[in-house]
Amino acid sequence: MTVAIELLKLMKQLIWIGLFILVAVAAVGWGSDSLQQFSGVPQVSIVRATDSSQNPSPSPLTVEKNAVGAPQIDSSRLWKHVENLAGERDGERDRTFTRNYISQQLNNLGFSPELQPFDRGINVFSERKGTDSNAGAILVAAHYDTVPQSPGADDNATGVAVVLEVARLLGSRPTPRTLQVAFFDREEIGLLGSLAFAGSAARLKNLQGVVVLDMVGYACRTPGCQRYPEGLTVQPFLEASGVTSADKGEFVAVVGDAEHPLLLKTFAESRNADLPPVVALPVPLKGLLTPDVLRSDHAPFWYKGIGAVLVTDTANLRSPHYHQSTDTLATIDRPFFAGSAQIVVNAAAKLLEIR
């Protein structure tokens, strides 16, 4: 009987993995269509030291009071990371530069970064142990590569910057749970970095939740600029979050599998009146009926049974700069970006305290 049960469990897991691969191939991935998209486009010269004075919203967000007691972000430090990271990060030389930058920042914060090579790329990982060895770990992650010919300021320098800010603010703070941070490579060609990470049983051991950041710096305020994935009912969740203009992209979307509601609930409770609305979207059946929500690094964790959320500005459903040469510093909404970062810090701080 025991053997039969184990075989059934194995068959179920193999079925989920097979379905995920099929859906992922159909959905293509956040960036896997980029090679076709950019074929025939003239070469664009990317300069990392972009003039941030062009940004339409230069003033940083000021948060008067943090309702959940989490530490406050430093918006100027956050922005400096994006300035340093903005630039094409597709080739090996540029990705090495980015890995070195991330590793140096982690070293400066007292972390011990590890490089985790896999076929065609290298992830960066580090952790700060919690005070309770039985409480498990929370992973906060973002991908650092770009599609060809795009400076990737929003996609995904913003996500990398927020993970570094989480490491700075929460890395020296004793909490029951362990804080882990990861920077995935090669997301844009098929989630390769997160698939390699989630494929390691040792990496998943004691992992209690994953927060993936993928584009958190763009807001749009023109009627009709915000769209939604086909097949996903969003209106009740928009209303619950207080969003009154569903066709405008002024909110942070947090997408999670319906089997792990605690992560979504934590994010929904991690904002205050000074921060952007948080629209928490539970996805049934691990996204099999809505493949558009499987296009980032949270998806491999779903199919390993690990609760994970994607925090995003909804990418191409909102931004005309998605995977384009125009994804520059000038197109990032700085107050919205800072607000998104504070929401993530608030939620991560709370998740790390749970025993």
# chains A, B, ... in the order shown; residues from 1 in each chain; ligands from 1
>>> residues_around(residues="Arg120 in chain A", least_positions_apart="2", cutoff="8 Å", atoms="only C-alpha atoms", output="list of chain:residue names")
A:Phe118, A:Ile122, A:Arg186
>>> closest_atom_pairs(of="range 139-222 of chain A", to="range 332-338 of chain A", cutoff="9 Å", atoms="only C-alpha atoms", output="Markdown table")
| residue | atom | partner | partner_atom | distance |
| --- | --- | --- | --- | --- |
| A:Ala153 | CA | A:Ile332 | CA | 7.6 |
| A:Asp154 | CA | A:Ile332 | CA | 6.7 |
| A:Thr158 | CA | A:Phe337 | CA | 7.6 |
| A:Val162 | CA | A:Ala338 | CA | 8.9 |
| A:Val216 | CA | A:Phe337 | CA | 6.0 |
| A:Gly217 | CA | A:Phe337 | CA | 4.2 |
| A:Tyr218 | CA | A:Ile332 | CA | 5.2 |
| A:Ala219 | CA | A:Asp333 | CA | 6.2 |
| A:Cys220 | CA | A:Asp333 | CA | 8.8 |
>>> atom_distance(atom1="CA of Gly152 in chain A", atom2="CA of Ala86 in chain A")
6.0 Å
>>> residues_around(residues="range 194-204 of chain A", least_positions_apart="2", cutoff="7 Å", atoms="only C-alpha atoms", output="list of chain:residue names")
A:Phe118, A:Phe184, A:Leu191, A:Leu192, A:Asn206, A:Leu207, A:Asp297, A:Pro300, A:Phe301
>>> residues_around(residues="range 175-178 of chain A", least_positions_apart="6", cutoff="9 Å", atoms="only C-alpha atoms", output="list in words")
Glu127, Arg128, Lys129, Gly130, Thr131, Asp132, Ser133, Asn134, Ala135, Gly136, Ala137, Ile138, Leu139, Gln208, Ala349, Leu351, Leu352, Glu353, Ile354 and Arg355 of chain A
>>> atom_distance(atom1="CA of Ser172 in chain A", atom2="CA of Arg271 in chain A")
22.8 Å
>>> select_by_dssp(residues="range 180-332 of chain A", states="strand (DSSP E)", output="PyMOL selection string")
chain A and resi 180-184+207-213+252-257+278-283+308-312
>>> closest_residue(among="A:Asp155, A:Asp74, A:Glu114, A:Asp292", to="Glu88 in chain A", atoms="only C-alpha atoms")
A:Asp155
>>> residues_around(residues="Gly249 in chain A", least_positions_apart="5", cutoff="8 Å", atoms="only C-alpha atoms", output="mmCIF file with N, CA and C atoms, in the first residue's frame")
data_model
loop_
_atom_site.group_PDB
_atom_site.id
_atom_site.type_symbol
_atom_site.label_atom_id
_atom_site.label_comp_id
_atom_site.auth_asym_id
_atom_site.auth_seq_id
_atom_site.Cartn_x
_atom_site.Cartn_y
_atom_site.Cartn_z
ATOM 1 N N ALA A 219 3.770 52.917 -14.111
ATOM 2 C CA ALA A 219 2.342 53.177 -13.899
ATOM 3 C C ALA A 219 1.806 53.941 -15.106
ATOM 4 N N CYS A 220 0.560 53.700 -15.440
ATOM 5 C CA CYS A 220 -0.065 54.444 -16.541
ATOM 6 C C CYS A 220 -1.407 55.003 -16.054
ATOM 7 N N ARG A 221 -1.691 56.221 -16.450
ATOM 8 C CA ARG A 221 -2.874 56.919 -15.927
ATOM 9 C C ARG A 221 -3.810 57.423 -17.017
ATOM 10 N N CYS A 225 -5.348 52.259 -20.709
ATOM 11 C CA CYS A 225 -3.951 51.810 -20.814
ATOM 12 C C CYS A 225 -3.698 50.484 -20.111
ATOM 13 N N GLN A 226 -4.613 50.048 -19.234
ATOM 14 C CA GLN A 226 -4.417 48.805 -18.477
ATOM 15 C C GLN A 226 -5.291 47.698 -19.042
ATOM 16 N N ASP A 313 4.066 45.204 -12.171
ATOM 17 C CA ASP A 313 3.232 46.297 -12.687
ATOM 18 C C ASP A 313 2.423 45.833 -13.897
ATOM 19 N N ARG A 318 0.343 46.698 -19.491
ATOM 20 C CA ARG A 318 0.296 48.105 -19.112
ATOM 21 C C ARG A 318 1.313 48.944 -19.865
#
>>> residues_around(residues="Tyr101 in chain A", least_positions_apart="2", cutoff="12 Å", atoms="only C-alpha atoms", output="NGL selection string")
:A and (81-82 or 84-86 or 94-99 or 103-108 or 113 or 124 or 144 or 157 or 160-161 or 164 or 183)
>>> write_last_selection(atoms="N, CA and C atoms", output="compact mmCIF listing (two decimals), in the first residue's frame")
# COMPACT_ATOMS: atom_id res chain seq x y z
N HIS A 81 20.53 52.05 -7.53
CA HIS A 81 20.69 50.69 -8.07
C HIS A 81 20.19 50.61 -9.50
N VAL A 82 19.03 51.19 -9.76
CA VAL A 82 18.47 51.13 -11.11
C VAL A 82 19.37 51.87 -12.09
N ASN A 84 22.57 52.21 -11.90
CA ASN A 84 23.77 51.41 -12.12
C ASN A 84 23.51 50.16 -12.95
N LEU A 85 22.30 49.65 -12.87
CA LEU A 85 21.97 48.40 -13.56
C LEU A 85 21.43 48.61 -14.96
N ALA A 86 20.81 49.75 -15.23
CA ALA A 86 20.16 49.97 -16.53
C ALA A 86 21.16 49.83 -17.67
N ASP A 94 27.89 41.59 -20.18
CA ASP A 94 26.98 42.46 -19.42
C ASP A 94 26.37 41.73 -18.23
N ARG A 95 26.09 40.45 -18.39
CA ARG A 95 25.52 39.69 -17.29
C ARG A 95 26.57 39.46 -16.20
N THR A 96 27.83 39.31 -16.60
CA THR A 96 28.91 39.19 -15.61
C THR A 96 29.05 40.48 -14.82
N PHE A 97 29.00 41.61 -15.52
CA PHE A 97 29.03 42.91 -14.84
C PHE A 97 27.92 43.00 -13.80
N THR A 98 26.73 42.57 -14.19
CA THR A 98 25.57 42.65 -13.29
C THR A 98 25.73 41.71 -12.10
N ARG A 99 26.18 40.49 -12.34
CA ARG A 99 26.42 39.54 -11.24
C ARG A 99 27.44 40.10 -10.26
N SER A 103 26.73 40.89 -6.39
CA SER A 103 27.55 40.22 -5.38
C SER A 103 28.25 41.24 -4.48
N GLN A 104 28.75 42.33 -5.08
CA GLN A 104 29.42 43.34 -4.29
C GLN A 104 28.46 44.02 -3.32
N GLN A 105 27.25 44.30 -3.79
CA GLN A 105 26.25 44.91 -2.92
C GLN A 105 25.90 43.99 -1.75
N LEU A 106 25.76 42.70 -2.03
CA LEU A 106 25.46 41.75 -0.97
C LEU A 106 26.62 41.66 0.03
N ASN A 107 27.84 41.64 -0.49
CA ASN A 107 29.00 41.64 0.40
C ASN A 107 29.01 42.86 1.31
N ASN A 108 28.67 44.01 0.75
CA ASN A 108 28.64 45.25 1.54
C ASN A 108 27.60 45.20 2.65
N PRO A 113 27.42 36.00 -0.81
CA PRO A 113 26.77 35.55 -2.04
C PRO A 113 27.40 34.29 -2.62
N VAL A 124 22.58 34.07 -8.61
CA VAL A 124 23.25 34.56 -7.41
C VAL A 124 22.31 34.33 -6.23
N TYR A 144 17.77 39.06 -13.41
CA TYR A 144 18.62 40.21 -13.72
C TYR A 144 18.97 40.35 -15.19
N ALA A 157 15.57 45.77 -13.82
CA ALA A 157 16.44 46.47 -12.87
C ALA A 157 15.64 46.91 -11.65
N VAL A 160 15.42 43.85 -9.29
CA VAL A 160 16.71 43.59 -8.65
C VAL A 160 16.97 44.62 -7.55
N ALA A 161 16.67 45.89 -7.83
CA ALA A 161 16.90 46.95 -6.85
C ALA A 161 16.08 46.71 -5.59
N LEU A 164 17.59 43.95 -3.45
CA LEU A 164 18.76 44.46 -2.73
C LEU A 164 18.33 45.33 -1.55
N PHE A 183 18.88 35.98 -7.34
CA PHE A 183 18.85 36.78 -8.57
C PHE A 183 19.01 35.79 -9.71
>>> atom_distance(atom1="CA of Tyr322 in chain A", atom2="CA of Met215 in chain A")
9.3 Å
>>> residues_around(residues="Ala308 in chain A", least_positions_apart="3", cutoff="8 Å", atoms="only C-alpha atoms", output="count of residues only")
12
>>> closest_residue(among="A:Glu269, A:Glu165, A:Thr290, A:Val283", to="Ser76 in chain A", atoms="only C-alpha atoms")
A:Glu165
>>> closest_residue(among="A:Thr266, A:Val309, A:Gln235, A:Ser112", to="Pro282 in chain A", atoms="only C-alpha atoms")
A:Val309
>>> closest_residue(among="A:Val166, A:Val147, A:Leu294, A:Val311", to="Phe267 in chain A", atoms="only C-alpha atoms")
A:Val311
